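J.: Structure in structure tokens, see below.
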Amino acid sequence: MNGLSPALERLIESIAKLPGLGKKSATRLAMHILSKPETEARILAQAILDVKTKIRLCDSCGNLTEEELCGICRDAKRDSGLLCIVESPQDILRLEKAAGFRGLYHVLGGILSPLDGIGPDSLRMNELWDRIQEQNFREIILALSPTADGDATTLYLMNELRARGLKVTRLARGIPIGAELEQVDEITLARALEERTRME
Ligand SMILES: [Zn+2]
């Protein structure tokens with residue numbers, strides 16, 4: 001034993017499981033929480049519980065929301081003819097912040113990865129085909145990371161979408177090959193969206 005109370009030990013261990021936090025930072029954060037009034041600790045604990053109990057996926061696009069439809073899908077001012085396909089809700093956050101994109105999104109919830117057993121059925125692809133049948137999109141933008149799996153998924157979607165008679169574009173090159181979209185800086189991301197290219 002290192003002399004810490006079991007309660008404090010448990011808090012440090014929980015915090016240390018968060019990405020990017022080692023035992024040292026976890027200890028500092030735990031001591032900080034301990035030094036604050038109980039009301040602040042309750043607000044933090046409740047906020048953590050709320051994201052697990054209140055947040056769900058948007059029925060239409062798969063974005064995170066507390067309602068049936070997310071704020072983007074509910075916004076009548078957005079261009080409903082443009083659909084941008086992304087891997088995760090975080091990508092929506094980034095594209096919104098960086099590029100001021102005014103169309104709609106579709107979150108796949110991952111990318112195809114045969115080695116990990118992730119095929120089309122593991123992703124929100126059927127929802128995508130349903131959406132495409134119901135709504136009239138004049139352009140579909142593929143905004144997946146240019147990693148090996150991301151590119152394979154882009155190719156798969158391009159073929160499926162073209163077979164359905166849709167115009168398909170992808171983010172312009174300029175995003176480093178192999179980079180995850182979340183590592184790309186905002187200016188590069190904005191330019192890649194602006195200069196998106198038609199897929200041949
Ligand atoms: Zn939505």
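Each chain in the structure tokens gets a letter, A, B and so on, in the order shown; residues start at 1 in every chain, and ligands are counted from 1 in the order they appear.
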Within 10 Å of ligand 1, which residues of chain A come that close, and what is the closest atom pair and distance in Å for each? Count only C-alpha atoms and all ligand atoms and give it as a tab-separated table.

T.:
```
residue	atom	partner	partner_atom_place_in_ligand_line	distance
A:Leu57	CA	ligand 1	1 (Zn)	7.9
A:Cys58	CA	ligand 1	1 (Zn)	4.7
A:Asp59	CA	ligand 1	1 (Zn)	6.6
A:Ser60	CA	ligand 1	1 (Zn)	5.1
A:Cys61	CA	ligand 1	1 (Zn)	4.1
A:Gly62	CA	ligand 1	1 (Zn)	5.9
A:Asn63	CA	ligand 1	1 (Zn)	5.2
A:Leu64	CA	ligand 1	1 (Zn)	7.7
A:Thr65	CA	ligand 1	1 (Zn)	7.7
A:Glu67	CA	ligand 1	1 (Zn)	9.5
A:Glu68	CA	ligand 1	1 (Zn)	8.3
A:Leu69	CA	ligand 1	1 (Zn)	5.1
A:Cys70	CA	ligand 1	1 (Zn)	4.1
A:Gly71	CA	ligand 1	1 (Zn)	6.6
A:Ile72	CA	ligand 1	1 (Zn)	5.6
A:Cys73	CA	ligand 1	1 (Zn)	4.3
A:Arg74	CA	ligand 1	1 (Zn)	7.3
A:Asp75	CA	ligand 1	1 (Zn)	9.5
A:Pro89	CA	ligand 1	1 (Zn)	9.8
A:Leu104	CA	ligand 1	1 (Zn)	7.7
A:Tyr105	CA	ligand 1	1 (Zn)	7.1
A:His106	CA	ligand 1	1 (Zn)	7.6
A:Val107	CA	ligand 1	1 (Zn)	8.8
```

J.: Give me, as a compact mmCIF listing (two decimals) with N, CA and C atoms, in the first residue's frame, all polymer residues having an atom no more than 12 Å from Arg102 in chain A, counting only C-alpha atoms and skipping those fewer than 3 positions away in the same chain.

T.:
```
# COMPACT_ATOMS: atom_id res chain seq x y z
N ILE A 72 -28.41 19.39 -36.53
CA ILE A 72 -28.09 19.59 -37.95
C ILE A 72 -29.25 19.08 -38.81
N CYS A 73 -29.75 17.90 -38.50
CA CYS A 73 -30.87 17.35 -39.29
C CYS A 73 -32.15 18.18 -39.12
N ASP A 75 -32.22 21.42 -38.73
CA ASP A 75 -32.00 22.79 -39.22
C ASP A 75 -32.47 22.92 -40.68
N ALA A 76 -33.60 23.61 -40.86
CA ALA A 76 -34.19 23.73 -42.21
C ALA A 76 -33.35 24.59 -43.13
N LYS A 77 -32.42 25.35 -42.58
CA LYS A 77 -31.61 26.24 -43.41
C LYS A 77 -30.43 25.51 -44.07
N ARG A 78 -30.22 24.27 -43.70
CA ARG A 78 -29.08 23.55 -44.28
C ARG A 78 -29.44 23.02 -45.67
N ASP A 79 -28.41 22.82 -46.48
CA ASP A 79 -28.61 22.34 -47.85
C ASP A 79 -28.86 20.83 -47.83
N SER A 80 -30.11 20.45 -48.06
CA SER A 80 -30.46 19.04 -47.93
C SER A 80 -30.11 18.23 -49.18
N GLY A 81 -29.47 18.89 -50.16
CA GLY A 81 -29.05 18.15 -51.36
C GLY A 81 -27.62 17.65 -51.28
N LEU A 82 -26.93 18.09 -50.23
CA LEU A 82 -25.52 17.71 -50.06
C LEU A 82 -25.39 16.76 -48.88
N LEU A 83 -24.75 15.63 -49.10
CA LEU A 83 -24.57 14.68 -48.01
C LEU A 83 -23.10 14.33 -47.86
N CYS A 84 -22.58 14.55 -46.68
CA CYS A 84 -21.16 14.27 -46.41
C CYS A 84 -21.07 13.03 -45.52
N ILE A 92 -17.85 15.14 -37.59
CA ILE A 92 -18.85 16.20 -37.83
C ILE A 92 -18.43 17.47 -37.09
N LEU A 95 -15.54 19.06 -38.98
CA LEU A 95 -15.92 19.66 -40.26
C LEU A 95 -16.76 20.92 -40.04
N GLU A 96 -17.63 20.88 -39.05
CA GLU A 96 -18.45 22.04 -38.75
C GLU A 96 -17.57 23.22 -38.35
N LYS A 97 -16.60 22.94 -37.51
CA LYS A 97 -15.74 23.98 -36.97
C LYS A 97 -14.80 24.51 -38.05
N ALA A 98 -14.24 23.59 -38.82
CA ALA A 98 -13.21 23.97 -39.79
C ALA A 98 -13.79 24.56 -41.05
N ALA A 99 -14.80 23.94 -41.57
CA ALA A 99 -15.14 24.20 -42.96
C ALA A 99 -16.46 24.93 -43.16
N TYR A 105 -25.06 15.31 -42.96
CA TYR A 105 -24.04 14.28 -42.75
C TYR A 105 -24.66 12.89 -42.66
N LEU A 193 -12.11 20.12 -48.24
CA LEU A 193 -13.56 20.07 -48.49
C LEU A 193 -13.91 21.01 -49.64
N GLU A 194 -13.33 22.20 -49.62
CA GLU A 194 -13.56 23.20 -50.66
C GLU A 194 -13.18 22.65 -52.05
```

J.: Please identify the alpha helix (DSSP H) residues within chain A (assignment by DSSP from backbone atoms) and present them as a ChimeraX atom specification.

T.: /A:6-16,23-35,38-53,71-74,89-99,125-134,148-163,186-194

J.: A:Ile55, A:Leu144, A:Phe101, A:Thr27: which is nearest Leu11 in chain A, counting only C-alpha atoms?

T.: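 Closest candidate: A:Thr27.
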
J.: Give the strand (DSSP E) residues of chain A, as DSSP finds them on the backbone, and put them as a list in words.

T.: Arg56, Leu57, Leu64, Thr65, Leu82, Leu83, Cys84, Ile85, Val86, Leu104, Tyr105, His106, Val107, Glu139, Ile140, Ile141, Leu142, Val168, Thr169, Arg170, Thr197 and Arg198 of chain A

J.: Write out the residues from the selection above, keeping C-alpha atoms, as a short mmCIF file (atom, residue, chain, number, x, y, z; two decimals), in the first residue's frame.

T.:
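Final file, selection_9.cif:
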```
data_model
loop_
_atom_site.label_atom_id
_atom_site.label_comp_id
_atom_site.auth_asym_id
_atom_site.auth_seq_id
_atom_site.Cartn_x
_atom_site.Cartn_y
_atom_site.Cartn_z
CA ARG A 56 -28.17 8.74 -28.28
CA LEU A 57 -27.62 8.54 -32.01
CA LEU A 64 -24.82 12.36 -31.20
CA THR A 65 -27.98 14.00 -29.88
CA LEU A 82 -25.52 17.71 -50.06
CA LEU A 83 -24.57 14.68 -48.01
CA CYS A 84 -21.16 14.27 -46.41
CA ILE A 85 -20.27 10.76 -45.26
CA VAL A 86 -18.01 10.58 -42.21
CA LEU A 104 -26.11 17.14 -44.09
CA TYR A 105 -24.04 14.28 -42.75
CA HIS A 106 -24.16 10.53 -42.48
CA VAL A 107 -22.10 8.83 -39.79
CA GLU A 139 -23.89 15.22 -54.40
CA ILE A 140 -22.41 12.77 -51.93
CA ILE A 141 -19.07 13.77 -50.41
CA LEU A 142 -16.87 11.02 -49.00
CA VAL A 168 -19.79 11.26 -55.73
CA THR A 169 -16.89 13.46 -54.64
CA ARG A 170 -14.17 12.95 -52.05
CA THR A 197 -12.80 16.20 -56.37
CA ARG A 198 -15.14 14.18 -58.46
#
```

J.: One number please: CA of Asp185 in chain A to CA of Tyr156 in chain A, in Å, one decimal.

T.: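 Computing it gives 26.4 Å between the two atoms.
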